[in-house]
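Notes follow once the structure below has been shown.
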Amino acid sequence: MLTTLQTTYTDTRAADLAWALGRDRLPALAVLNLELASAKVELRLLGASHQVLLEEGAVLCSETVACMPGSRTPLPLGVAKRMTGWEYEFAARVETLSQGSFAGRAQELLALVADHPNGLAGTFPGSPHAFTAMLVQRHEGQVRWRTWHAYPQEGQLVATRTRVGVRAGAPAGGREPATR
């Protein structure tokens with residue numbers, strides 16, 4: 001699904017992005033609710049980037065990558081966490097592209113996500129290449145998502161990958177209170 005977000009750019013630089021696990025639901029400009037087998041996933045486009053909410057059995061996970069005033073957690077290159085019965089892995093990278101390469105990559109990513117049943121993308125007013133896009137899938141018992149945050153004025157594209165799954169041999173039940 002592709003939408004034009006009715007807002008101005010909130011996080012205008014890739015360096016403004018921060019990461020948080022366990023934040024409460026934030027106001028969203030666009031939402032896509034999905035069920036992937038037994039997992040309920042909510043993809044949320046914020047005025048300041050993205051939030052993914054996942055619920056599956058004992059797993060409650062809330063990931064936010066956005067410009068968060070007062071946040072002291074900048075966007076990490078990688079995070080691995082073990083919670084009660086499940087594990088979470090996150091990775092991010094920033095690509096700097098030439099103007100021509102950036103435009104081509106932006107069009108490619110928007111086309112990929114816009115027509116995908118598990119994808120949500122939003123463009124910001126002012127530039128067809130200013131966007132946030134998300135794509136989620138279930139693979140081998142895990143829920144995985146990728147996101148892209150485009151900053152055409154800098155020629156930067158922030159790409160993230162997340163994997164959430166039940167830990168092998170972990171006991172069933174027991175919610176981790178700090179995850180949502």
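Identifiers in the structure tokens: chain A, B, ... in order shown; residue index from 1 per chain; ligand index from 1 in order shown.
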Notebook entry, point to check: Do you know which residues are at most 9 Å from Ser38 of chain A counting only C-alpha atoms, after dropping those on the same chain fewer than 4 positions away, and could you put them as JSON, numbers by chain?
Noted result: {"A": [55, 56, 57]}
Just to be explicit: take each residue in the selection above, keep N, CA and C atoms, and write the result as a PDB file, in the first residue's frame.
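Full text of again_7.pdb as output:
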```pdb
ATOM      1  N   GLU A  55       2.390  -8.949  18.028  1.00  0.00           N
ATOM      2  CA  GLU A  55       1.854  -9.767  19.112  1.00  0.00           C
ATOM      3  C   GLU A  55       1.680 -11.179  18.579  1.00  0.00           C
ATOM      4  N   GLU A  56       2.311 -12.116  19.274  1.00  0.00           N
ATOM      5  CA  GLU A  56       2.168 -13.522  18.913  1.00  0.00           C
ATOM      6  C   GLU A  56       2.368 -14.351  20.165  1.00  0.00           C
ATOM      7  N   GLY A  57       1.283 -14.952  20.645  1.00  0.00           N
ATOM      8  CA  GLY A  57       1.374 -15.735  21.870  1.00  0.00           C
ATOM      9  C   GLY A  57       1.918 -14.882  23.007  1.00  0.00           C
TER      10      GLY A  57
END
```
Next item on the list: Do a neighbour search on segment 151-154 of chain A at 7 Å with only C-alpha atoms, toss out local chain neighbours closer than 5 positions, and write the hits as a PyMOL selection string.
Entry: chain A and resi 12-14+129-130
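Backbone DSSP over chain A yields alpha helix (DSSP H) at Gln99, Gly100, Ser101, Phe102, Ala103, Gly104, Arg105, Ala106, Gln107, Glu108, Leu109, Leu110, Ala111, Leu112, Val113 and Ala114 of chain A.
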Next item on the list: Determine, counting only C-alpha atoms, which protein, DNA and RNA residues have an atom within 7 Å of an atom of segment 138-143 of chain A; residues of the same chain fewer than 6 positions away are not included. Present the result as a list in words.
Entry: Leu36, Arg163, Val164 and Gly165 of chain A
Can you spit out the residues from that selection as a PDB file, in the first residue's frame, using N, CA, C and O atoms?
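Output saved as again-v1.pdb:
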```
ATOM      1  N   LEU A  36      -0.220 -12.758  10.182  1.00  0.00           N
ATOM      2  CA  LEU A  36       0.696 -13.685   9.525  1.00  0.00           C
ATOM      3  C   LEU A  36       0.713 -14.950  10.369  1.00  0.00           C
ATOM      4  O   LEU A  36       1.395 -15.004  11.389  1.00  0.00           O
ATOM      5  N   ARG A 163      14.333  -9.140  13.109  1.00  0.00           N
ATOM      6  CA  ARG A 163      13.877 -10.526  13.203  1.00  0.00           C
ATOM      7  C   ARG A 163      13.419 -10.767  14.628  1.00  0.00           C
ATOM      8  O   ARG A 163      14.122 -10.434  15.582  1.00  0.00           O
ATOM      9  N   VAL A 164      12.214 -11.319  14.787  1.00  0.00           N
ATOM     10  CA  VAL A 164      11.683 -11.673  16.095  1.00  0.00           C
ATOM     11  C   VAL A 164      11.228 -13.121  16.024  1.00  0.00           C
ATOM     12  O   VAL A 164      10.494 -13.499  15.110  1.00  0.00           O
ATOM     13  N   GLY A 165      11.671 -13.927  16.990  1.00  0.00           N
ATOM     14  CA  GLY A 165      11.278 -15.325  16.995  1.00  0.00           C
ATOM     15  C   GLY A 165      11.311 -15.921  18.377  1.00  0.00           C
ATOM     16  O   GLY A 165      11.970 -15.408  19.281  1.00  0.00           O
TER      17      GLY A 165
END
```
Notebook entry, point to check: Using only C-alpha atoms, which residues sit within 8 Å of Glu63 of chain A once same-chain residues fewer than 2 positions away are excluded, as a ChimeraX atom specification?
Noted result: /A:19-23,51-53,61,65
Expected file: the selected residues, N, CA and C atoms, as a PDB file, in the first residue's frame:
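As written to disk, selection_8.pdb reads:
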```pdb
ATOM      1  N   TRP A  19      16.416   4.754  17.867  1.00  0.00           N
ATOM      2  CA  TRP A  19      15.807   3.428  17.968  1.00  0.00           C
ATOM      3  C   TRP A  19      15.297   3.233  19.387  1.00  0.00           C
ATOM      4  N   ALA A  20      14.144   2.583  19.510  1.00  0.00           N
ATOM      5  CA  ALA A  20      13.623   2.241  20.837  1.00  0.00           C
ATOM      6  C   ALA A  20      12.840   0.945  20.747  1.00  0.00           C
ATOM      7  N   LEU A  21      12.962   0.147  21.780  1.00  0.00           N
ATOM      8  CA  LEU A  21      12.208  -1.088  21.912  1.00  0.00           C
ATOM      9  C   LEU A  21      11.300  -0.912  23.124  1.00  0.00           C
ATOM     10  N   GLY A  22      10.017  -1.214  22.962  1.00  0.00           N
ATOM     11  CA  GLY A  22       9.105  -1.176  24.089  1.00  0.00           C
ATOM     12  C   GLY A  22       8.322   0.106  24.280  1.00  0.00           C
ATOM     13  N   ARG A  23       8.338   0.999  23.306  1.00  0.00           N
ATOM     14  CA  ARG A  23       7.558   2.243  23.442  1.00  0.00           C
ATOM     15  C   ARG A  23       6.075   1.973  23.233  1.00  0.00           C
ATOM     16  N   GLN A  51       6.901   2.666  13.302  1.00  0.00           N
ATOM     17  CA  GLN A  51       6.734   1.843  14.502  1.00  0.00           C
ATOM     18  C   GLN A  51       6.110   0.533  14.041  1.00  0.00           C
ATOM     19  N   VAL A  52       6.621  -0.587  14.562  1.00  0.00           N
ATOM     20  CA  VAL A  52       6.056  -1.897  14.275  1.00  0.00           C
ATOM     21  C   VAL A  52       5.643  -2.511  15.610  1.00  0.00           C
ATOM     22  N   LEU A  53       4.399  -2.966  15.670  1.00  0.00           N
ATOM     23  CA  LEU A  53       3.883  -3.635  16.856  1.00  0.00           C
ATOM     24  C   LEU A  53       3.597  -5.078  16.479  1.00  0.00           C
ATOM     25  N   CYS A  61       6.002  -7.126  21.139  1.00  0.00           N
ATOM     26  CA  CYS A  61       7.184  -6.364  20.746  1.00  0.00           C
ATOM     27  C   CYS A  61       6.749  -5.063  20.092  1.00  0.00           C
ATOM     28  N   VAL A  65      11.571   3.340  15.212  1.00  0.00           N
ATOM     29  CA  VAL A  65      12.722   4.022  14.627  1.00  0.00           C
ATOM     30  C   VAL A  65      12.176   5.352  14.137  1.00  0.00           C
TER      31      VAL A  65
END
```
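Summary of the local environment: counting only C-alpha atoms, residues at most 6 Å from segment 76-79 of chain A, other than itself and those fewer than 3 positions away along its chain, are Glu89, Phe90, Ala91 and Ala92 of chain A.
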